[in-house]
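Worksheet: the structure to be examined is printed underneath.
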Amino acid sequence: MKENPIEIAKAWTKNLYFDEADRKELEELITKEDIEEINERFSSDLEFGTGGMRSILGMGRNRINKYNIRKATQAMASAAIKNQKSDSLKAAVSFDCRSFSFEFAKEAASVFAANGIKTYLFKELTPTPILSYAIRYFKTDVGVMITASHNPKQYNGYKAYWSDGAQITPPEDSYVINEFKSIDSFEDVKVMDFDKALSENKIEWIEDDLFDSFYKNIVDDSLNLDMCKNDGDKLNAIYTSLHGTGYKACLEISNKLGFTNFKAVEEQASFDSQFSTVKPTPNPEDPIALEMAVTKMLNEKADVAYGTDPDCDRLGVVVNHKNEAHYLNGNQIAILMIEYLLTQLKEKNKLPKNPLIIKSIVTSNLQRTIANKFDVTVLDTLTGFKWMAKLIRDLENQKSDYNFVFASEESFGYMPNNKVRDKDAVAAIALMNEITLFNKIKGKNLIEKLDEIYETYGFAKESLIANTYEGLSGRRKINNIMAHFRNFKEDSIASEKVKILRDYESLVSKDFSSNTESKIDMHPSDVLGFVFESGNVLYLRPSGTEPKIKFYTMVTVEDGSLVKKKDIADKKIQEIESYINEVIEGL
């Protein structure tokens, strides 16, 4: 018999395990007879996914609150105790600027301590990449980052990491998920008084030596450090942390490298859980979120504007080209990085043997074209840096000859070194400063450099539709869209004839031109890929962290002038996206 959400909510109001204020929150919902909200909160348990969990803040089974944070941490602790080969387990815990993030971090540390796991806890909000670095620095068995990344202000979340500094993937994710599901009652979670754990050294504050090591790692990776130190003041850059964790770290690394004209948008420098100056969400992928930085860039005639999301793992870049703001997408940023890294490494005889670049399946294949010129291998993974980090770990375990150079995904994520096993906006902003300065000294801005790359390697353009569908009805809508395209019966999308349909859920690739099927060698995921006879590509993917479905269109044009190629690509993308919008509207 299915449980009644209202009855569960009423039972929670009488359960003295929950704090009085939390029980009162539910009593008010019941009194207001807000049935829809109660159903949202209690119709199911919050799921612990392959990378952790994320949801709206509030009391309820399907909400982020300290009780679900405790439960998740107990699952992490139990999984580590059963599966990590160590007599003295350790954890690292960090947090961002969101509501209750510090409180949740302390809750997680208290649960680890109660389970006999020594925990290193950051004193202040800290970027996700530094948490990943800390796991490797302290050689911990697990790690936790309290963040909802770039989600709206009402969200918070829990990113779960394993001993390699990467978010958990198979088989470790199954260990944690199974433990999470096995916890029948919140009362079964072990919790220790935070101050007591601190006094007994079961929880230890992280000191500055960790940060010094992190910054030194980035400085050591600079390919033109003398140029940065000597001419860094020639770069005029504007930066916004969007009220998040990046403010201190991005200014610190820029100054260490010699970029003394790296200026913050002070109105957005304060840590603000409400993101009060940012509309609609603190996501550097959204041009509107970067409005204040772009205005400052144009007013001050700066070269470039940057923005990072609240946990500082994503980087957005806007270029001042002829006194107009040009927003780079994630593919363009990665292409600039790859072309610079490979060119400089080769010129300095530092390109390692069997160099490797890793990208997600929905990221531009222009990376492969550039890499081929330098005899660099490009390997694809599913979307998410956890899969890229898993590939690195697997290759290391196999004692592979590959030498990692760079990893990226189109959603503004870049990994310039593998000492951080997640996307890293701190290292990325250091690299972009260097690239922008290098080109400025040669008389070019980043738009002009991109056109130079397109002239050399061919033109590629990518576009993204990201539609949001909230709540239970939204989940059904997304499922219907995926089902429609998964059972696609037509031979064309717009004027693009389908050659191959890749279903990453069934792991079957169907080639309609040869009427054959082949297996996809990846972990199953709810993703569809259409490869057209023209070579253009369309991918569909529901977001794993937001109530969104994303459509990725990737077009390449080989013939004609660069101006003509851009025009053809624009029209082709518009044609495909119009078709998609019509289909969605009709479902």
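Residue numbering restarts at 1 in every chain; chains get A, B, ... in the order shown in the structure tokens, and ligands count up from 1 in that same order.
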
- Item | Exercise: His321 (chain A) partners within 10 Å, only C-alpha atoms, chain neighbours under 3 positions left out, as a list in words |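 The residues satisfying every condition are Leu298, Lys301, Asp303, Val304, Val318, Glu324, Ala325, His326, Lys444, Asn445, Leu446, Ile447 and Glu448 of chain A.
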
- Message: Based on the backbone DSSP call, show me all residues of region 345-467 of chain A assigned strand (DSSP E or B), as number ranges by chain.
- Response: A: 355-360, 377-381, 403-409, 413-415, 459-467

- Quick one: DSSP alpha helix (DSSP H) residues in region 247-493 of chain A, as number ranges by chain? A: 247-256, 291-299, 330-347, 366-373, 385-397, 425-441, 446-457, 471-486

- Task: For CA of Asn320 (chain A) and CA of Lys440 (chain A), determine how far apart the two atoms are, in Å to one decimal place.
- Result: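 Taking CA of Asn320 (chain A) and CA of Lys440 (chain A), their separation equals 11.9 Å.
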
- Query: Which residue out of A:Glu533, A:Glu347, A:Asp221, A:Glu470 has the minimum interatomic distance to Glu434 (chain A) when only C-alpha atoms are used?
  - Reply: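 Residue with the minimum atom-to-atom distance to Glu434 (chain A): A:Asp221.
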
Tell me, counting only C-alpha atoms, for each residue of region 383-484 of chain A within 12 Å of region 243-264 of chain A, which pair of atoms is nearest and how far apart they are in Å to one decimal, in rows ordered by chain and increasing number, as CSV.
```
residue,atom,partner,partner_atom,distance
A:Asp424,CA,A:Gly246,CA,10.5
A:Ala425,CA,A:Gly246,CA,8.1
A:Val426,CA,A:Cys250,CA,5.6
A:Ala427,CA,A:Ile253,CA,8.2
A:Ala428,CA,A:Cys250,CA,9.6
A:Ile429,CA,A:Cys250,CA,7.1
A:Ala430,CA,A:Ser254,CA,6.2
A:Leu431,CA,A:Ser254,CA,9.7
A:Met432,CA,A:Ser254,CA,10.3
A:Asn433,CA,A:Phe259,CA,7.7
A:Glu434,CA,A:Leu257,CA,8.9
A:Thr436,CA,A:Phe259,CA,11.2
A:Leu437,CA,A:Phe259,CA,9.3
```

- Message: I need the residue nearest Cys312 (chain A) from this list: A:Glu546, A:Glu20, A:Asp422, A:Glu33. Use only C-alpha atoms for the distance.
- Response: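 Answer, going by the shortest atom-to-atom distance: A:Asp422.
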
- Message: Which residues are close to Gly384 (chain A), i.e. within 10 Å by only C-alpha atoms, leaving aside same-chain residues fewer than 3 positions away? Reply as a ChimeraX atom specification.
- Response: /A:51,167,359-361,381,387-389,408-409,411,413,422-423,544

Given the selection you just returned, output its residues as a file containing C-alpha atoms, formatted as a CSV table (one decimal), in the first residue's frame.
```csv
chain,number,residue,atom,x,y,z
A,51,GLY,CA,27.5,12.2,-7.7
A,167,GLN,CA,33.1,12.4,-7.5
A,359,LYS,CA,36.1,15.5,-23.4
A,360,SER,CA,32.5,14.7,-22.9
A,361,ILE,CA,30.4,13.2,-25.8
A,381,THR,CA,33.3,10.1,-21.8
A,387,TRP,CA,33.5,10.2,-15.7
A,388,MET,CA,36.6,12.0,-17.0
A,389,ALA,CA,38.3,11.5,-13.6
A,408,SER,CA,36.8,19.7,-20.6
A,409,GLU,CA,33.1,19.7,-21.2
A,411,SER,CA,29.1,23.4,-19.8
A,413,GLY,CA,34.1,23.1,-17.1
A,422,ASP,CA,37.1,17.8,-11.0
A,423,LYS,CA,36.5,20.9,-13.1
A,544,GLY,CA,21.2,14.9,-13.5
```

- Item | Residues near Ile481 (chain A), cut-off 9 Å, only C-alpha atoms, skip fewer than 2 positions along chain, as a list of chain:residue names |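 The contact residues come out as A:Arg476, A:Lys477, A:Ile478, A:Asn479, A:Ala483, A:His484, A:Phe485, A:Arg486, A:Ile549, A:Val583, A:Ile584, A:Leu587.
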
- Who sits within 9 Å of Glu47 (chain A), only C-alpha atoms, same chain under 5 positions skipped, as a PyMOL selection string: chain A and resi 52-54+62+177+180-181

Residue subset to file, keeping C-alpha atoms, as an mmCIF file, in the first residue's frame:
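Okay, out21.cif is ready:
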```
data_model
loop_
_atom_site.group_PDB
_atom_site.id
_atom_site.type_symbol
_atom_site.label_atom_id
_atom_site.label_comp_id
_atom_site.auth_asym_id
_atom_site.auth_seq_id
_atom_site.Cartn_x
_atom_site.Cartn_y
_atom_site.Cartn_z
ATOM 1 C CA GLY A 52 25.562 12.939 -4.572
ATOM 2 C CA MET A 53 22.265 14.767 -4.161
ATOM 3 C CA ARG A 54 20.727 18.169 -4.806
ATOM 4 C CA ASN A 62 12.586 14.875 -0.775
ATOM 5 C CA ILE A 177 23.746 4.287 -2.683
ATOM 6 C CA PHE A 180 21.877 5.169 1.841
ATOM 7 C CA LYS A 181 18.867 3.027 0.925
#
```

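The spacing separating CA of Tyr402 (chain A) from CA of Val376 (chain A) amounts to 9.7 Å.
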
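Our summary of the geometry notes that CA of Gln268 (chain A) is positioned 10.4 Å from CA of Gly307 (chain A).
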
- Counting only C-alpha atoms, the residue of A:Ser492, A:Asp559, A:Arg70, A:Pro284 that sits nearest Phe186 (chain A):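 Looking only at the distances to Phe186 (chain A), the closest residue turns out to be A:Arg70.
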
- Quick one: everything within 10 Å of Asn151 (chain A), counting only C-alpha atoms, minus sequence neighbours fewer than 6 positions away in the same chain. Send it as a ChimeraX atom specification. /A:54-56,157,280-283,309-310,545-546

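Considering the residues A:Arg421, A:Thr169, A:Thr343, A:Asp380 and counting only C-alpha atoms, Thr128 (chain A) has its shortest atom-to-atom contact with A:Arg421.
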
Can you list, as a PDB file with C-alpha atoms, in the first residue's frame, every protein, DNA or RNA residue that comes within 10 Å of Asn83 (chain A) when you count only C-alpha atoms, leaving out same-chain residues fewer than 4 positions away?
```pdb
ATOM      1  CA  ALA A  77      31.030   6.547   6.237  1.00  0.00           C
ATOM      2  CA  SER A  78      29.598   3.017   6.137  1.00  0.00           C
ATOM      3  CA  ALA A  79      30.719   2.535   2.523  1.00  0.00           C
ATOM      4  CA  ASP A 141      39.367   8.155   1.832  1.00  0.00           C
ATOM      5  CA  GLU A 172      31.959   3.113  -5.380  1.00  0.00           C
ATOM      6  CA  TYR A 175      28.435   1.096  -2.224  1.00  0.00           C
TER       7      TYR A 175
END
```

- Have a look at A:Ser88, A:Gln344, A:Ser132, A:Ser578 and name the one nearest to Ser222 (chain A); count only C-alpha atoms.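 Ranked by minimum distance to Ser222 (chain A), first place goes to A:Gln344.
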